[in-house]
Amino acid sequence: MSLREDIPDRLIIAIGGNAMHPEGSRGSAQEQKQIAADTARSLLPVMELGTELVITHGNGPVVGKMLLRHAIARGRVEPMPLDICVAHSQGGIAYLLMQALENALRAKGNPRHVVCLLTQVEVDPRDPAFQNPTKPIGYFYTEEEARALSAEMGWNMREDSGRGWRHVVPSPAPKHIVDISLIQTVANSGSVVIAGGGGGVPVVREGMGQRRGVEAVIDKDRTTALMANVLGIKDMIILTAVSRVAINYGKPDQRNLDRVSLSEIRRLHAEGHFPPGSMGPKIDAAIQFLEGGGRRVMIGRLEEAIPMLRGETGTHIMADSP
Ligand code: ADP
Ligand code: MG
C-alpha cells in the first residue's frame with residue numbers, strides 16, 4: 001500500500017518531552033538539535049504528503065531544568081514562577097522543532113511552513129490536582145538527593161516509574177484551549193502548526209474574562225486529546241520513548257500491547273498498569289479522545305511514526321465499533 005493510503009488527511013501528533021530529552025542525555029544544545037533533526041526525519045513523509053498536521057510537545061525535563069537553574073541562581077537572578085517557565089519552554093522547544101521541521105522540508109525543496117503558536121490553556125482553580133502534585137519534571141535524583149532538595153526548596157519529590165526520584169508539580173485537567181480557532185485557521189491554510197507545547201501555559205479565567213497564570217504543568221497528552229476533539233481530528237499519535245504500551249511494565253511478565261479496543265484499555269487502566277505522571281496520562285488522554293469522537297490512537301517511539309501509521313509497530317487503541 002502507498003503511504004498516502006496509510007496516512008489520514010488530518011492528524012495530531014504529540015511529541016514526548018522525555019523522548020526529546022532522554023534520561024541519559026545532558027540536554028546540551030547540540031543534543032537537542034540532533035533530536036529535533038531526528039524527529040523531523042521521522043515526520044518528513046507526513047509533512048510532504050500535505051496532511052493537515054497539528055503537533056504538540058511535552059516539556060517536563062526542560063521546565064524542570066529551568067526551575068533548577070533558577071533555584072541555583074536565586075541569589076543573583078530573580079526566579080520565575082512556573083507559568084512563565086512553561087511559556088519559556090514552549091518557545092524554546094518549538095523554536096528547535098520548527099527550525100528542524102522546516103530544514104527537513106527545505107532539504108527536499110518543499111516550501112511548506114511550520115508555524116508555532118504560543119498557547120494558553122484554561123484550568124479550573126478548584127481542580128483537585130492543585131492539592132495532589134503528580135507531574136514529574138526535570139532531573140532524576142537518588143532518594144537522598146531528593147530528600148535534600150525537598151527540604152531546601154520545598155519541592156514535592158516522588159519516585160517515577162522505577163527510573164529515579166523527580167520533582168512533581170500539580171497537573172490540572174485542561175478545560176479550554178485559548179485561540180483554538182486560530183490553530184484551526186493556520187492548520188487549514190496548509191502550514192504545519194506547533195501548539196499547546198508543554199500542555200499549554202496554565203491559566204485561570206476570572207470574572208470579566210481576564211486570565212492569570214497559575215503554577216502547574218498541564219499534561220500535554222490531555223491537552224492534545226482536548227485539542228483533537230475540539231478540532232474534530234480523528235487520528236492521534238503519541239510519540240514517546242517506548243515502542244509499545246505494556247502491561248506489567250518493567251516486571252518479568254511484561255507484555256507489550258499491539259492492538260486494543262477502548263473497552264479493553266479501560267479495563268487494563270482500572271487494573272493499575274499505567275502509572276500517573278508517565279503512561280497514565282497518555283492512556284487517560286487516549287480514552288478521553290476516543291470517547292470524544294476519536295477513531296484511533298497510536299502510541300510508540302519517536303523514530304517510528306511512519307511504521308506506526310503503516311500498522312507495523314506501536315500500540316493501536318481503537319474506538320469501540322458502534
Ligand atoms: P513523555 O515525555 O513521552 O510523555 P513519559 O516519561 O511521561 O514520556 O511517559 C512514557 C514513559 O512511561 C515510558 O518511557 C516508560 O518509561 C513509562 N511507562 C510507565 N508505565 C508504562 C507502561 N505500562 N507501558 C509502557 N511504558 C510505561
Ligand atoms: Mg509525559
# chains A, B, ... in the order shown; residues from 1 in each chain; ligands from 1

call {"tool": "closest_atom_pairs", "arguments": {"of": "chain A", "to": "ligand 1", "cutoff": "6 Å", "atoms": "only C-alpha atoms and all ligand atoms", "output": "tab-separated table"}}
result
residue	atom	partner	partner_atom_place_in_ligand_line	distance
A:Gly16	CA	ligand 1	3 (O)	3.1
A:Gly17	CA	ligand 1	2 (O)	3.8
A:Asn18	CA	ligand 1	2 (O)	3.4
A:Ala19	CA	ligand 1	3 (O)	5.1
A:Gly58	CA	ligand 1	2 (O)	5.9
A:Ser161	CA	ligand 1	19 (C)	5.5
A:Thr240	CA	ligand 1	3 (O)	3.7
A:Ala241	CA	ligand 1	14 (O)	4.4
A:Val242	CA	ligand 1	14 (O)	4.9
A:Val245	CA	ligand 1	24 (N)	3.8
A:Ala246	CA	ligand 1	24 (N)	3.8
A:Ile247	CA	ligand 1	23 (N)	5.0
A:Tyr249	CA	ligand 1	23 (N)	4.6
A:His273	CA	ligand 1	23 (N)	5.2
A:Phe274	CA	ligand 1	23 (N)	4.7
A:Pro275	CA	ligand 1	20 (N)	5.6
A:Gly277	CA	ligand 1	7 (O)	5.9
A:Ser278	CA	ligand 1	7 (O)	3.4
A:Met279	CA	ligand 1	12 (O)	4.4

call {"tool": "select_by_dssp", "arguments": {"residues": "stretch 33-93 of chain A", "states": "strand (DSSP E)", "output": "list in words"}}
result
Glu52, Leu53, Val54, Ile55, Thr56 and His57 of chain A

call {"tool": "atom_distance", "arguments": {"atom1": "atom CA of A:Tyr141", "atom2": "atom CA of A:Gly300"}}
result
26.0 Å

call {"tool": "closest_atom_pairs", "arguments": {"of": "stretch 199-315 of chain A", "to": "stretch 188-195 of chain A", "cutoff": "10 Å", "atoms": "only C-alpha atoms", "output": "tab-separated table"}}
result
residue	atom	partner	partner_atom	distance
A:Gly199	CA	A:Ala195	CA	8.8
A:Gly200	CA	A:Ala195	CA	7.8
A:Thr223	CA	A:Ala195	CA	9.9
A:Thr224	CA	A:Ala195	CA	9.2
A:Met227	CA	A:Ala195	CA	9.5

call {"tool": "closest_residue", "arguments": {"among": "A:Val114, A:Glu48, A:Gly138, A:Asp124", "to": "A:Arg69", "atoms": "only C-alpha atoms"}}
result
A:Gly138

call {"tool": "closest_residue", "arguments": {"among": "A:Ile7, A:Thr142, A:Arg126, A:Gly64", "to": "A:Pro81", "atoms": "only C-alpha atoms"}}
result
A:Gly64

call {"tool": "closest_residue", "arguments": {"among": "A:Ile233, A:Leu268, A:Leu302, A:Ile238", "to": "ligand 2", "atoms": "only C-alpha atoms and all ligand atoms"}}
result
A:Ile238

call {"tool": "select_by_dssp", "arguments": {"residues": "stretch 4-151 of chain A", "states": "alpha helix (DSSP H)", "output": "PyMOL selection string"}}
result
chain A and resi 4-6+17-20+29-48+60-72+82-107+143-151

call {"tool": "closest_residue", "arguments": {"among": "A:Asp284, A:Glu122, A:Asp9, A:Glu102", "to": "ligand 2", "atoms": "only C-alpha atoms and all ligand atoms"}}
result
A:Asp284

call {"tool": "closest_residue", "arguments": {"among": "A:His316, A:Arg163, A:Arg76, A:Arg310", "to": "A:Arg4", "atoms": "only C-alpha atoms"}}
result
A:Arg310

call {"tool": "closest_residue", "arguments": {"among": "A:His57, A:Arg211, A:Arg158, A:Arg166", "to": "ligand 2", "atoms": "only C-alpha atoms and all ligand atoms"}}
result
A:His57

call {"tool": "atom_distance", "arguments": {"atom1": "atom CA of A:Pro8", "atom2": "atom CA of A:Ala104"}}
result
21.1 Å

call {"tool": "atom_distance", "arguments": {"atom1": "atom CA of A:Pro276", "atom2": "atom CA of A:Ile137"}}
result
12.8 Å

call {"tool": "decode", "arguments": {"residues": "stretch 282-309 of chain A", "atoms": "N, CA and C atoms", "output": "mmCIF file, in the first residue's frame"}}
result
data_model
loop_
_atom_site.group_PDB
_atom_site.id
_atom_site.type_symbol
_atom_site.label_atom_id
_atom_site.label_comp_id
_atom_site.auth_asym_id
_atom_site.auth_seq_id
_atom_site.Cartn_x
_atom_site.Cartn_y
_atom_site.Cartn_z
ATOM 1 N N LYS A 282 -1.194 9.353 29.258
ATOM 2 C CA LYS A 282 -1.360 9.014 27.835
ATOM 3 C C LYS A 282 -2.611 8.156 27.660
ATOM 4 N N ILE A 283 -2.796 7.213 28.579
ATOM 5 C CA ILE A 283 -3.967 6.343 28.478
ATOM 6 C C ILE A 283 -5.244 7.139 28.799
ATOM 7 N N ASP A 284 -5.178 7.997 29.820
ATOM 8 C CA ASP A 284 -6.332 8.886 30.091
ATOM 9 C C ASP A 284 -6.671 9.688 28.846
ATOM 10 N N ALA A 285 -5.620 10.228 28.214
ATOM 11 C CA ALA A 285 -5.817 11.071 27.031
ATOM 12 C C ALA A 285 -6.417 10.250 25.895
ATOM 13 N N ALA A 286 -5.921 9.025 25.731
ATOM 14 C CA ALA A 286 -6.426 8.151 24.665
ATOM 15 C C ALA A 286 -7.910 7.868 24.889
ATOM 16 N N ILE A 287 -8.268 7.560 26.134
ATOM 17 C CA ILE A 287 -9.665 7.245 26.451
ATOM 18 C C ILE A 287 -10.546 8.463 26.197
ATOM 19 N N GLN A 288 -10.094 9.612 26.713
ATOM 20 C CA GLN A 288 -10.850 10.865 26.540
ATOM 21 C C GLN A 288 -11.053 11.165 25.048
ATOM 22 N N PHE A 289 -10.002 10.991 24.278
ATOM 23 C CA PHE A 289 -10.045 11.281 22.837
ATOM 24 C C PHE A 289 -11.022 10.354 22.108
ATOM 25 N N LEU A 290 -10.936 9.051 22.426
ATOM 26 C CA LEU A 290 -11.813 8.090 21.736
ATOM 27 C C LEU A 290 -13.266 8.275 22.169
ATOM 28 N N GLU A 291 -13.463 8.590 23.460
ATOM 29 C CA GLU A 291 -14.840 8.849 23.927
ATOM 30 C C GLU A 291 -15.392 10.112 23.291
ATOM 31 N N GLY A 292 -14.502 11.049 22.958
ATOM 32 C CA GLY A 292 -14.924 12.333 22.393
ATOM 33 C C GLY A 292 -15.002 12.327 20.872
ATOM 34 N N GLY A 293 -14.990 11.151 20.260
ATOM 35 C CA GLY A 293 -15.182 11.083 18.817
ATOM 36 C C GLY A 293 -13.961 10.658 18.019
ATOM 37 N N GLY A 294 -12.824 10.430 18.710
ATOM 38 C CA GLY A 294 -11.619 9.972 18.008
ATOM 39 C C GLY A 294 -11.805 8.553 17.486
ATOM 40 N N ARG A 295 -10.988 8.184 16.494
ATOM 41 C CA ARG A 295 -11.106 6.884 15.856
ATOM 42 C C ARG A 295 -9.988 5.947 16.293
ATOM 43 N N ARG A 296 -8.756 6.518 16.389
ATOM 44 C CA ARG A 296 -7.622 5.642 16.669
ATOM 45 C C ARG A 296 -6.497 6.438 17.325
ATOM 46 N N VAL A 297 -5.860 5.799 18.303
ATOM 47 C CA VAL A 297 -4.694 6.385 18.969
ATOM 48 C C VAL A 297 -3.525 5.444 18.762
ATOM 49 N N MET A 298 -2.384 6.002 18.361
ATOM 50 C CA MET A 298 -1.182 5.184 18.228
ATOM 51 C C MET A 298 -0.146 5.699 19.218
ATOM 52 N N ILE A 299 0.422 4.792 20.003
ATOM 53 C CA ILE A 299 1.453 5.190 20.971
ATOM 54 C C ILE A 299 2.713 4.389 20.659
ATOM 55 N N GLY A 300 3.824 5.085 20.468
ATOM 56 C CA GLY A 300 5.065 4.371 20.162
ATOM 57 C C GLY A 300 6.261 5.295 20.137
ATOM 58 N N ARG A 301 7.359 4.772 19.580
ATOM 59 C CA ARG A 301 8.624 5.509 19.627
ATOM 60 C C ARG A 301 8.670 6.685 18.653
ATOM 61 N N LEU A 302 9.342 7.725 19.114
ATOM 62 C CA LEU A 302 9.504 8.961 18.346
ATOM 63 C C LEU A 302 9.979 8.701 16.918
ATOM 64 N N GLU A 303 10.896 7.753 16.760
ATOM 65 C CA GLU A 303 11.506 7.500 15.446
ATOM 66 C C GLU A 303 10.589 6.691 14.537
ATOM 67 N N GLU A 304 9.473 6.178 15.078
ATOM 68 C CA GLU A 304 8.714 5.180 14.321
ATOM 69 C C GLU A 304 7.322 5.637 13.892
ATOM 70 N N ALA A 305 7.169 6.947 13.648
ATOM 71 C CA ALA A 305 5.838 7.456 13.286
ATOM 72 C C ALA A 305 5.299 6.776 12.019
ATOM 73 N N ILE A 306 6.130 6.643 11.008
ATOM 74 C CA ILE A 306 5.651 6.091 9.743
ATOM 75 C C ILE A 306 5.342 4.594 9.848
ATOM 76 N N PRO A 307 6.286 3.789 10.385
ATOM 77 C CA PRO A 307 5.928 2.378 10.584
ATOM 78 C C PRO A 307 4.666 2.207 11.431
ATOM 79 N N MET A 308 4.460 3.131 12.358
ATOM 80 C CA MET A 308 3.261 3.036 13.188
ATOM 81 C C MET A 308 2.002 3.292 12.354
ATOM 82 N N LEU A 309 2.066 4.339 11.523
ATOM 83 C CA LEU A 309 0.913 4.635 10.652
ATOM 84 C C LEU A 309 0.632 3.478 9.705
#
